[in-house]
$ cat start.tsv   # TSV, C-alpha atoms
chain	number	residue	atom	x	y	z
A	3	MET	CA	124.48	15.79	165.01
A	4	THR	CA	124.74	12.21	163.85
A	5	CYS	CA	127.54	9.73	164.31
A	6	ASP	CA	126.72	7.37	161.46
A	7	THR	CA	128.90	8.48	158.54
A	8	PRO	CA	129.76	5.50	156.37
A	9	LYS	CA	133.47	5.03	155.82
A	10	VAL	CA	133.54	2.36	153.15
A	11	TYR	CA	133.42	3.50	149.54
A	12	LYS	CA	132.72	1.47	146.44
A	13	ILE	CA	135.23	1.86	143.64
A	14	HIS	CA	133.68	-0.78	141.40
A	15	ASP	CA	131.64	-3.97	141.78
A	16	LYS	CA	134.61	-6.01	142.94
A	17	LEU	CA	136.57	-3.35	144.81
A	18	TYR	CA	135.74	-1.55	148.03
A	19	LEU	CA	137.87	0.92	149.97
A	20	GLY	CA	137.64	1.68	153.67
A	21	LEU	CA	139.24	4.85	155.04
A	22	SER	CA	139.61	5.70	158.70
A	23	GLY	CA	141.11	8.78	160.35
A	24	LEU	CA	140.58	12.45	159.61
A	25	GLN	CA	137.34	12.54	157.65
A	26	THR	CA	138.26	15.52	155.50
A	27	ASP	CA	141.42	13.72	154.35
A	28	ALA	CA	139.50	10.47	153.91
A	29	THR	CA	136.88	12.19	151.75
A	30	THR	CA	139.47	14.02	149.67
A	31	LEU	CA	141.57	10.90	149.23
A	32	HIS	CA	138.51	8.95	148.13
A	33	GLN	CA	137.61	11.68	145.61
A	34	LYS	CA	141.15	11.68	144.20
A	35	LEU	CA	141.18	7.92	143.87
A	36	GLN	CA	137.78	7.92	142.22
A	37	PHE	CA	139.17	10.45	139.74
A	38	ARG	CA	142.19	8.25	139.07
A	39	HIS	CA	140.05	5.15	138.65
A	40	ASN	CA	137.62	6.90	136.32
A	41	LEU	CA	140.46	7.99	134.04
A	42	TYR	CA	142.03	4.53	134.21
A	43	LYS	CA	138.70	3.00	133.19
A	44	LEU	CA	138.37	5.34	130.22
A	45	ARG	CA	141.92	4.79	129.04
A	46	GLU	CA	142.37	1.10	129.66
A	47	GLU	CA	138.74	0.08	129.10
A	48	ARG	CA	138.77	-2.14	132.17
A	49	ASP	CA	138.27	-1.88	135.93
A	50	MET	CA	141.36	-1.70	138.10
A	51	LYS	CA	142.41	-4.90	139.81
A	52	PRO	CA	142.32	-4.60	143.62
A	53	SER	CA	146.07	-5.34	143.84
A	54	THR	CA	146.80	-2.62	141.30
A	55	PHE	CA	144.55	-0.20	143.18
A	56	GLY	CA	146.36	-1.02	146.41
A	57	HIS	CA	149.71	-0.20	144.88
A	58	MET	CA	148.44	2.97	143.30
A	59	LEU	CA	147.05	4.06	146.65
A	60	SER	CA	150.34	3.26	148.39
A	61	ASN	CA	152.17	5.33	145.80
A	62	ALA	CA	149.70	8.21	146.13
A	63	LEU	CA	150.06	8.28	149.92
A	64	TYR	CA	153.86	8.25	149.79
A	65	GLU	CA	153.85	11.19	147.40
A	66	ARG	CA	152.68	13.15	150.44
A	67	ARG	CA	155.33	11.66	152.72
A	68	PHE	CA	156.13	14.95	154.41
A	69	GLY	CA	152.60	16.28	154.71
A	70	PRO	CA	150.50	13.14	154.69
A	71	TYR	CA	146.82	12.42	154.40
A	72	PHE	CA	145.70	11.43	157.89
A	73	ALA	CA	143.70	8.54	156.55
A	74	ALA	CA	144.60	4.87	156.76
A	75	PRO	CA	143.00	2.64	154.15
A	76	VAL	CA	141.89	-0.94	153.84
A	77	VAL	CA	141.40	-2.22	150.29
A	78	ALA	CA	139.20	-5.27	149.76
A	79	GLY	CA	137.99	-6.93	146.62
A	80	LEU	CA	138.06	-9.82	144.22
A	81	GLU	CA	140.80	-10.17	141.61
A	82	PRO	CA	139.64	-10.89	138.04
A	83	ASP	CA	140.27	-14.62	138.57
A	84	GLY	CA	138.01	-14.61	141.65
A	85	THR	CA	140.63	-14.81	144.40
A	86	PRO	CA	139.98	-12.45	147.33
A	87	TYR	CA	142.38	-9.56	147.81
A	88	LEU	CA	142.85	-7.71	151.07
A	89	CYS	CA	145.44	-5.13	152.01
A	90	GLY	CA	145.92	-2.26	154.40
A	91	MET	CA	148.41	0.50	154.83
A	92	ASP	CA	149.41	3.29	157.16
A	93	THR	CA	149.02	6.97	156.37
A	94	ILE	CA	152.22	7.08	154.33
A	95	GLY	CA	151.53	4.06	152.22
A	96	ALA	CA	153.35	1.14	153.88
A	97	ILE	CA	151.36	-1.62	152.22
A	98	GLU	CA	150.69	-5.00	153.72
A	99	SER	CA	148.46	-7.63	152.18
A	100	ALA	CA	146.78	-10.31	154.24
A	101	LYS	CA	144.99	-13.58	153.83
A	102	ASP	CA	142.88	-13.20	156.94
A	103	PHE	CA	141.99	-9.71	158.10
A	104	MET	CA	142.99	-6.05	158.03
A	105	ILE	CA	142.15	-3.39	160.57
A	106	THR	CA	142.20	0.39	160.57
A	107	GLY	CA	140.77	3.02	162.87
A	108	THR	CA	140.05	3.31	166.60
A	109	SER	CA	140.28	0.57	169.23
A	110	PRO	CA	142.64	-1.57	167.17
A	111	GLU	CA	143.53	-3.78	170.17
A	112	SER	CA	139.93	-4.81	170.59
A	113	LEU	CA	139.53	-5.45	166.89
A	114	TYR	CA	142.79	-7.41	166.56
A	115	GLY	CA	141.78	-9.54	169.51
A	116	MET	CA	138.34	-10.31	168.11
A	117	CYS	CA	139.51	-10.95	164.54
A	118	GLU	CA	142.44	-13.13	165.57
A	119	SER	CA	140.23	-15.36	167.66
A	120	MET	CA	137.19	-15.47	165.37
A	121	TRP	CA	138.80	-15.78	161.95
A	122	ARG	CA	139.05	-19.14	160.26
A	123	PRO	CA	139.87	-19.98	156.65
A	124	ASP	CA	137.32	-20.82	153.93
A	125	MET	CA	134.27	-19.23	155.52
A	126	GLU	CA	131.07	-19.04	153.49
A	127	PRO	CA	129.61	-15.56	152.82
A	128	ASP	CA	127.07	-15.85	155.65
A	129	GLU	CA	129.65	-17.05	158.19
A	130	LEU	CA	131.94	-14.28	157.03
A	131	PHE	CA	129.23	-11.71	157.64
A	132	GLU	CA	128.60	-13.00	161.14
A	133	THR	CA	132.29	-12.94	161.99
A	134	VAL	CA	132.86	-9.42	160.68
A	135	ALA	CA	129.69	-8.17	162.35
A	136	GLN	CA	130.64	-9.61	165.74
A	137	CYS	CA	134.18	-8.23	165.54
A	138	LEU	CA	133.02	-4.75	164.55
A	139	MET	CA	130.20	-4.58	167.03
A	140	SER	CA	132.33	-5.61	169.98
A	141	GLY	CA	134.94	-3.08	168.86
A	142	CYS	CA	132.32	-0.29	168.58
A	143	ASP	CA	130.43	-0.93	171.80
A	144	ARG	CA	133.36	-0.39	174.16
A	145	ASP	CA	134.91	2.46	172.15
A	146	ALA	CA	134.02	6.05	173.03
A	147	LEU	CA	135.27	7.31	169.68
A	148	ALA	CA	133.41	4.82	167.51
A	149	GLY	CA	130.03	5.81	166.14
A	150	TRP	CA	126.54	4.40	166.09
A	151	GLY	CA	127.06	1.11	164.26
A	152	ALA	CA	128.53	-0.34	161.09
A	153	VAL	CA	127.88	-1.19	157.47
A	154	VAL	CA	129.11	-4.59	156.29
A	155	HIS	CA	129.58	-5.36	152.58
A	156	VAL	CA	130.06	-9.01	151.65
A	157	ILE	CA	131.60	-9.20	148.17
A	158	THR	CA	131.12	-12.39	146.16
A	159	LYS	CA	131.59	-13.06	142.49
A	160	ASP	CA	127.90	-12.61	141.66
A	161	LYS	CA	126.78	-9.91	144.04
A	162	VAL	CA	127.56	-7.66	146.96
A	163	VAL	CA	125.28	-7.81	150.01
A	164	SER	CA	125.40	-4.73	152.23
A	165	ARG	CA	123.90	-4.78	155.71
A	166	THR	CA	123.71	-2.00	158.30
A	167	LEU	CA	124.27	-2.85	161.94
A	168	LYS	CA	123.09	-0.89	164.95
A	169	THR	CA	125.14	-0.71	168.13
A	170	ARG	CA	125.02	1.35	171.31
A	171	MET	CA	124.53	4.98	170.33
A	172	ASP	CA	127.04	6.37	172.74
B	295	MET	CA	153.35	26.29	94.28
B	296	ALA	CA	151.42	27.75	97.18
B	297	GLU	CA	152.14	24.70	99.37
B	298	SER	CA	155.82	25.53	99.63
B	299	GLN	CA	155.05	28.89	101.14
B	300	TYR	CA	153.65	27.03	104.14
B	301	SER	CA	156.29	24.38	104.38
B	302	PHE	CA	158.73	26.13	106.63
B	303	SER	CA	156.60	26.54	109.72
B	304	LEU	CA	155.53	23.39	111.44
B	305	THR	CA	152.61	24.93	113.21
B	306	THR	CA	150.95	26.50	110.18
B	307	PHE	CA	148.39	24.66	108.09
B	308	SER	CA	148.75	24.79	104.33
B	309	PRO	CA	145.70	25.79	102.20
B	310	SER	CA	144.94	22.14	101.47
B	311	GLY	CA	144.74	21.41	105.18
B	312	LYS	CA	148.06	19.62	105.54
B	313	LEU	CA	150.93	20.26	107.90
B	314	VAL	CA	153.68	20.11	105.35
B	315	GLN	CA	156.44	19.42	107.88
B	316	ILE	CA	154.70	16.18	108.79
B	317	GLU	CA	154.56	15.22	105.12
B	318	TYR	CA	158.29	15.83	104.91
B	319	ALA	CA	158.86	13.81	108.07
B	320	LEU	CA	157.02	10.92	106.38
B	321	ASN	CA	159.41	11.36	103.45
B	322	ALA	CA	162.31	10.92	105.85
B	323	VAL	CA	160.68	7.69	107.01
B	324	ALA	CA	160.12	6.48	103.47
B	325	ALA	CA	163.81	6.99	102.74
B	326	GLY	CA	164.81	4.81	105.68
B	327	ALA	CA	165.61	1.11	105.67
B	328	THR	CA	162.62	-1.22	105.38
B	329	SER	CA	161.08	-2.56	108.55
B	330	LEU	CA	158.10	-4.85	108.95
B	331	GLY	CA	156.02	-6.60	111.51
B	332	ILE	CA	153.61	-9.53	111.54
B	333	SER	CA	151.15	-10.40	114.27
B	334	ALA	CA	150.46	-14.14	114.65
B	335	THR	CA	148.01	-16.12	116.76
B	336	ASP	CA	150.60	-16.72	119.48
B	337	GLY	CA	153.12	-13.92	119.07
B	338	VAL	CA	154.49	-11.03	117.05
B	339	VAL	CA	157.62	-10.71	114.92
B	340	ILE	CA	159.34	-7.49	113.83
B	341	ALA	CA	162.29	-7.31	111.48
B	342	THR	CA	164.42	-4.75	109.70
B	343	GLU	CA	167.26	-4.40	107.23
B	344	LYS	CA	170.48	-3.41	108.87
B	345	LYS	CA	171.85	-1.32	106.01
B	346	LEU	CA	175.21	-0.01	107.13
B	347	PRO	CA	177.01	2.87	105.43
B	348	SER	CA	180.25	0.92	105.05
B	349	ALA	CA	181.67	-2.57	105.44
B	350	LEU	CA	184.02	-1.19	108.07
B	351	VAL	CA	181.17	-0.51	110.54
B	352	ASP	CA	181.11	-2.98	113.42
B	353	GLU	CA	177.60	-4.31	112.87
B	354	THR	CA	177.47	-6.05	116.24
B	355	THR	CA	177.20	-2.65	117.93
B	356	VAL	CA	174.33	-1.44	115.73
B	357	GLN	CA	170.97	-2.13	117.35
B	358	LYS	CA	167.83	-1.17	115.48
B	359	ILE	CA	165.34	-3.28	117.42
B	360	MET	CA	165.07	-2.25	121.07
B	361	THR	CA	163.28	-3.63	124.09
B	362	ILE	CA	161.04	-1.15	125.90
B	363	THR	CA	159.81	-3.60	128.54
B	364	PRO	CA	160.25	-7.36	128.72
B	365	GLN	CA	156.83	-7.59	127.03
B	366	ILE	CA	157.24	-4.88	124.38
B	367	GLY	CA	159.79	-4.35	121.62
B	368	VAL	CA	160.06	-1.72	118.92
B	369	VAL	CA	161.68	-1.18	115.51
B	370	TYR	CA	161.78	1.90	113.30
B	371	SER	CA	162.32	3.30	109.84
B	372	GLY	CA	163.85	6.74	109.50
B	373	MET	CA	166.32	8.67	111.63
B	374	GLY	CA	168.17	6.56	114.20
B	375	PRO	CA	168.91	9.35	116.69
B	376	ASP	CA	165.23	10.38	116.79
B	377	PHE	CA	164.37	6.73	117.46
B	378	ARG	CA	166.69	6.53	120.43
B	379	VAL	CA	165.06	9.59	122.03
B	380	LEU	CA	161.64	7.96	121.70
B	381	VAL	CA	162.90	4.66	123.09
B	382	ARG	CA	164.29	6.48	126.11
B	383	ARG	CA	160.97	8.21	126.74
B	384	ALA	CA	158.94	5.05	126.20
B	385	ARG	CA	161.11	3.12	128.64
B	386	LYS	CA	160.67	5.84	131.25
B	387	THR	CA	156.89	5.92	130.71
B	388	ALA	CA	156.73	2.16	131.12
B	389	GLN	CA	158.75	2.22	134.33
B	390	ALA	CA	156.71	5.07	135.80
B	391	TYR	CA	153.57	3.02	135.12
B	392	PHE	CA	155.09	0.02	136.86
B	393	GLN	CA	156.14	2.08	139.83
B	394	THR	CA	152.62	3.40	140.31
B	395	TYR	CA	150.58	0.30	139.56
B	396	LYS	CA	153.05	-2.56	140.05
B	397	GLU	CA	151.63	-3.94	136.84
B	398	HIS	CA	153.28	-3.98	133.43
B	399	ILE	CA	152.02	-1.33	131.05
B	400	PRO	CA	149.57	-2.70	128.46
B	401	VAL	CA	150.83	-2.33	124.88
B	402	ALA	CA	147.99	-0.06	123.82
B	403	GLN	CA	148.68	2.33	126.70
B	404	LEU	CA	152.38	2.63	125.87
B	405	VAL	CA	151.53	3.20	122.22
B	406	ARG	CA	149.11	5.97	123.23
B	407	GLU	CA	151.68	7.70	125.41
B	408	THR	CA	154.44	7.47	122.80
B	409	ALA	CA	152.10	8.73	120.09
B	410	ALA	CA	151.15	11.62	122.38
B	411	VAL	CA	154.83	12.60	122.63
B	412	MET	CA	155.18	12.50	118.86
B	413	GLN	CA	152.06	14.64	118.47
B	414	GLU	CA	153.42	17.19	120.97
B	415	PHE	CA	156.33	17.79	118.64
B	416	THR	CA	153.91	18.72	115.87
B	417	GLN	CA	152.18	21.41	117.86
B	418	THR	CA	154.96	23.10	119.80
B	419	GLY	CA	157.13	26.06	118.86
B	420	GLY	CA	160.79	25.60	118.10
B	421	VAL	CA	160.76	21.86	117.56
B	422	ARG	CA	160.44	19.58	114.56
B	423	PRO	CA	158.52	16.31	114.20
B	424	PHE	CA	160.34	13.04	114.81
B	425	GLY	CA	161.68	11.60	111.56
B	426	VAL	CA	160.69	8.02	112.39
B	427	SER	CA	157.76	5.68	112.15
B	428	LEU	CA	157.70	3.00	114.84
B	429	LEU	CA	156.46	-0.56	114.78
B	430	MET	CA	155.73	-1.58	118.35
B	431	ALA	CA	155.21	-5.27	119.12
B	432	GLY	CA	153.95	-6.62	122.41
B	433	TYR	CA	152.06	-9.36	124.21
B	434	ASP	CA	149.75	-8.56	127.12
B	435	ASP	CA	146.39	-9.69	128.51
B	436	ASN	CA	144.76	-8.71	125.21
B	437	GLY	CA	147.03	-11.05	123.28
B	438	PRO	CA	149.75	-10.32	120.75
B	439	GLN	CA	149.57	-6.86	119.21
B	440	LEU	CA	151.41	-4.86	116.55
B	441	TYR	CA	151.10	-1.07	116.31
B	442	GLN	CA	152.49	1.47	113.88
B	443	ILE	CA	153.09	5.04	115.11
B	444	ASP	CA	153.73	7.84	112.59
B	445	PRO	CA	155.54	11.19	113.00
B	446	SER	CA	152.15	12.89	113.20
B	447	GLY	CA	151.32	10.88	116.29
B	448	SER	CA	148.62	8.81	114.65
B	449	TYR	CA	148.75	5.11	115.39
B	450	PHE	CA	147.15	1.98	113.98
B	451	ALA	CA	147.05	-1.63	115.03
B	452	TRP	CA	148.07	-3.96	112.24
B	453	LYS	CA	147.91	-7.64	111.53
B	454	ALA	CA	150.96	-7.11	109.33
B	455	SER	CA	152.66	-3.98	108.07
B	456	ALA	CA	155.82	-2.56	106.55
B	457	ILE	CA	157.41	0.88	106.72
B	458	GLY	CA	160.40	2.50	105.03
B	459	LYS	CA	161.89	2.26	101.59
B	460	ASN	CA	160.20	-0.77	100.13
B	461	MET	CA	156.93	-0.54	102.01
B	462	THR	CA	154.44	-0.67	99.12
B	463	ASN	CA	155.92	-3.85	97.67
B	464	ALA	CA	156.38	-5.35	101.09
B	465	LYS	CA	152.78	-4.62	102.07
B	466	ALA	CA	151.49	-6.10	98.83
B	467	PHE	CA	153.56	-9.22	99.49
B	468	LEU	CA	152.25	-9.41	103.05
B	469	GLU	CA	148.65	-8.98	101.93
B	470	LYS	CA	148.97	-12.02	99.72
B	471	ARG	CA	150.71	-14.17	102.27
B	472	TYR	CA	149.01	-13.18	105.52
B	473	SER	CA	146.38	-15.39	107.11
B	474	ASP	CA	144.64	-15.06	110.47
B	475	GLU	CA	145.69	-18.55	111.57
B	476	VAL	CA	149.42	-18.12	111.09
B	477	GLY	CA	151.58	-19.11	114.08
B	478	ILE	CA	154.71	-17.34	115.23
B	479	GLU	CA	157.18	-19.65	113.49
B	480	ASP	CA	155.42	-19.23	110.13
B	481	ALA	CA	155.23	-15.50	110.75
B	482	VAL	CA	159.03	-15.33	111.12
B	483	HIS	CA	159.46	-17.18	107.84
B	484	THR	CA	157.02	-14.85	106.10
B	485	ALA	CA	158.83	-11.83	107.55
B	486	LEU	CA	162.16	-13.07	106.22
B	487	LEU	CA	160.70	-13.77	102.79
B	488	THR	CA	159.17	-10.30	102.70
B	489	LEU	CA	162.49	-8.70	103.58
B	490	LYS	CA	164.16	-10.79	100.93
B	491	GLU	CA	161.83	-9.37	98.25
B	492	GLY	CA	163.27	-5.87	98.37
B	493	PHE	CA	166.75	-6.70	99.56
B	494	GLU	CA	169.78	-5.97	97.39
B	495	GLY	CA	172.15	-8.86	97.90
B	496	GLN	CA	172.06	-11.88	100.15
B	497	LEU	CA	170.21	-11.91	103.48
B	498	SER	CA	172.37	-13.03	106.37
B	499	GLY	CA	172.33	-12.97	110.15
B	500	SER	CA	174.49	-9.86	110.14
B	501	ASN	CA	172.57	-7.60	107.74
B	502	ILE	CA	169.09	-8.02	109.19
B	503	GLU	CA	167.70	-7.84	112.69
B	504	VAL	CA	164.70	-9.84	113.97
B	505	GLY	CA	162.77	-9.51	117.22
B	506	ILE	CA	160.14	-11.97	118.45
B	507	ILE	CA	157.65	-12.11	121.26
B	508	GLY	CA	156.07	-15.54	121.65
B	509	PRO	CA	153.64	-17.27	124.02
B	510	ASP	CA	156.18	-16.80	126.83
B	511	LYS	CA	155.35	-13.08	126.58
B	512	THR	CA	159.02	-12.14	126.61
B	513	PHE	CA	160.44	-9.97	123.85
B	514	LYS	CA	163.85	-10.88	122.56
B	515	VAL	CA	166.07	-9.79	119.72
B	516	LEU	CA	167.36	-12.85	117.92
B	517	SER	CA	171.08	-13.43	117.85
B	518	GLU	CA	172.96	-13.60	114.55
B	519	ALA	CA	173.11	-17.38	114.82
B	520	GLU	CA	169.35	-17.70	115.45
B	521	VAL	CA	168.60	-15.46	112.46
B	522	SER	CA	170.88	-17.58	110.28
B	523	ASP	CA	169.03	-20.70	111.40
B	524	TYR	CA	165.67	-19.22	110.41
B	525	LEU	CA	167.15	-18.07	107.10
B	526	GLN	CA	168.30	-21.59	106.39
B	527	GLU	CA	164.79	-22.90	107.06
B	528	VAL	CA	163.48	-20.38	104.56
B	529	GLU	CA	165.96	-21.14	101.77
$ encode --input "start.tsv" --output "structure tokens"
Amino acid sequence: MTCDTPKVYKIHDKLYLGLSGLQTDATTLHQKLQFRHNLYKLREERDMKPSTFGHMLSNALYERRFGPYFAAPVVAGLEPDGTPYLCGMDTIGAIESAKDFMITGTSPESLYGMCESMWRPDMEPDELFETVAQCLMSGCDRDALAGWGAVVHVITKDKVVSRTLKTRMD
Amino acid sequence: MAESQYSFSLTTFSPSGKLVQIEYALNAVAAGATSLGISATDGVVIATEKKLPSALVDETTVQKIMTITPQIGVVYSGMGPDFRVLVRRARKTAQAYFQTYKEHIPVAQLVRETAAVMQEFTQTGGVRPFGVSLLMAGYDDNGPQLYQIDPSGSYFAWKASAIGKNMTNAKAFLEKRYSDEVGIEDAVHTALLTLKEGFEGQLSGSNIEVGIIGPDKTFKVLSEAEVSDYLQEVE
């Protein structure tokens, strides 16, 4: 049995969604959102803005307020004008957008600690990758529930670079 | 003739392939007061005659041009009560969209949804089609837009169009006067002149209604005084 299921899904070139928690709910939620985005794309003839997607997701989660999806998302992407967008929410859709970082999943204390100390504004894509990688890897290594590594996607206006990291496999 | 044998039931096609009830609904529209719309480079104007049944009617309470969202306005020709039902639905659709996406509904999407409602009433038992054609004007990320929606549920985007009683003459007038480079102020003047063509009597701020959406992307119905000012510019 492997412990390397990816948990970040691509919605479109400038919008990625991370879902932690109960994997069956995460998978179903992702499928439902994909469905919604596909229809949106056909009707409106454009991709959804990350901020719009965040609000739609918040709304979708709250619809299940009294029987929620046990999945907590992080939405990351670039708005049409190029500005980065980052938001996270709890399992019932309480949305919070951030300029610096957003965390979801196990060992949050470790991750908050690492991100808070390592984040600085205006990082270049390579610096950003290093920072995210270090934060994730230190979070994974000391966490019994975390899996065998991470996948990091760095989204820029021209391309997305995805790299897989390997950590302790325990 | 054979057509009339099929004219009572909405959901039955006639031999020539028409749904006669929709044809009759279009007749109701053509009997209504003239309305028109012009799309300019930086905005859209819609206008209508406010033909009141008697001089005793308090015209300040009659509103034929309605706001659906701050970015979208609508005018009609045909049956007023049917129009109000559609406005109510359109407003609700727009708000539901905003609640879900926290983004204002694009004009084309609202037009689609409203047209879908109108089409539903041509394919359901026990109802009749709406006796109105709508001219929906809005300004979103795709620029200024003007749409016409018919009782059948079909819709078209127009650069300029007229519906109601005097529509053929009005459209002919618009065809001559319309140009792709016209700005919103000129469009208002053209709209007033077009209304004047088929109007019995003198145009004034109290017997027509004008709605504009300009580069500020906010739809507003002009006050009587503002309409009078534009009319003076046109005289």
$ closest_atom_pairs --input "start.tsv" --of "chain A" --to "chain B" --cutoff "10 Å" --atoms "only C-alpha atoms" --output "CSV"
residue,atom,partner,partner_atom,distance
A:Arg45,CA,B:Gln403,CA,7.6
A:Glu46,CA,B:Gln403,CA,7.1
A:Met50,CA,B:Tyr395,CA,9.5
A:Lys51,CA,B:Tyr395,CA,9.7
A:Ser53,CA,B:Tyr395,CA,8.4
A:Thr54,CA,B:Tyr395,CA,5.1
A:Phe55,CA,B:Tyr395,CA,7.1
A:Gly56,CA,B:Tyr395,CA,8.2
A:His57,CA,B:Tyr395,CA,5.4
A:Met58,CA,B:Tyr395,CA,5.1
A:Leu59,CA,B:Thr394,CA,8.5
A:Ser60,CA,B:Thr394,CA,8.4
A:Asn61,CA,B:Thr394,CA,5.8
A:Ala62,CA,B:Thr394,CA,8.1
$ write_last_selection --input "start.tsv" --atoms "C-alpha atoms" --output "short mmCIF file (atom, residue, chain, number, x, y, z; two decimals), in the frame of the given file"
data_model
loop_
_atom_site.label_atom_id
_atom_site.label_comp_id
_atom_site.auth_asym_id
_atom_site.auth_seq_id
_atom_site.Cartn_x
_atom_site.Cartn_y
_atom_site.Cartn_z
CA ARG A 45 141.92 4.79 129.04
CA GLU A 46 142.37 1.10 129.66
CA MET A 50 141.36 -1.70 138.10
CA LYS A 51 142.41 -4.90 139.81
CA SER A 53 146.07 -5.34 143.84
CA THR A 54 146.80 -2.62 141.30
CA PHE A 55 144.55 -0.20 143.18
CA GLY A 56 146.36 -1.02 146.41
CA HIS A 57 149.71 -0.20 144.88
CA MET A 58 148.44 2.97 143.30
CA LEU A 59 147.05 4.06 146.65
CA SER A 60 150.34 3.26 148.39
CA ASN A 61 152.17 5.33 145.80
CA ALA A 62 149.70 8.21 146.13
#
$ residues_around --input "start.tsv" --residues "range 151-164 of chain A" --least-positions-apart "4" --cutoff "7 Å" --atoms "all atoms listed in the file" --output "PDB file with C-alpha atoms, in the coordinates of the input"
ATOM      1  CA  ASP A   6     126.720   7.370 161.460  1.00  0.00           C
ATOM      2  CA  LYS A  16     134.610  -6.010 142.940  1.00  0.00           C
ATOM      3  CA  GLY A  79     137.990  -6.930 146.620  1.00  0.00           C
ATOM      4  CA  GLY A  84     138.010 -14.610 141.650  1.00  0.00           C
ATOM      5  CA  PRO A 127     129.610 -15.560 152.820  1.00  0.00           C
ATOM      6  CA  PHE A 131     129.230 -11.710 157.640  1.00  0.00           C
ATOM      7  CA  CYS A 142     132.320  -0.290 168.580  1.00  0.00           C
ATOM      8  CA  LYS A 168     123.090  -0.890 164.950  1.00  0.00           C
ATOM      9  CA  THR A 169     125.140  -0.710 168.130  1.00  0.00           C
TER      10      THR A 169
END
$ residues_around --input "start.tsv" --residues "range 499-516 of chain B" --least-positions-apart "6" --cutoff "8 Å" --atoms "all atoms listed in the file" --output "PyMOL selection string"
chain B and resi 336-345+353-354+358-361+363-367+431-434+478+522+525
$ atom_distance --input "start.tsv" --atom1 "CA of Pro8 in chain A" --atom2 "CA of Leu167 in chain A"
11.4 Å
$ residues_near_point --input "start.tsv" --point "(145.3, -15.2, 114.6)" --cutoff "6 Å" --atoms "only C-alpha atoms" --output "list in words"
Ala334, Thr335, Asp474 and Glu475 of chain B
$ residues_around --input "start.tsv" --residues "Leu147 in chain A" --least-positions-apart "6" --cutoff "10 Å" --atoms "only C-alpha atoms" --output "PyMOL selection string"
chain A and resi 5+107-109+172
$ write_last_selection --input "start.tsv" --atoms "C-alpha atoms" --output "mmCIF file, keeping the file's coordinate frame"
data_model
loop_
_atom_site.group_PDB
_atom_site.id
_atom_site.type_symbol
_atom_site.label_atom_id
_atom_site.label_comp_id
_atom_site.auth_asym_id
_atom_site.auth_seq_id
_atom_site.Cartn_x
_atom_site.Cartn_y
_atom_site.Cartn_z
ATOM 1 C CA CYS A 5 127.540 9.730 164.310
ATOM 2 C CA GLY A 107 140.770 3.020 162.870
ATOM 3 C CA THR A 108 140.050 3.310 166.600
ATOM 4 C CA SER A 109 140.280 0.570 169.230
ATOM 5 C CA ASP A 172 127.040 6.370 172.740
#
$ atom_distance --input "start.tsv" --atom1 "CA of Ser427 in chain B" --atom2 "CA of Leu489 in chain B"
17.4 Å
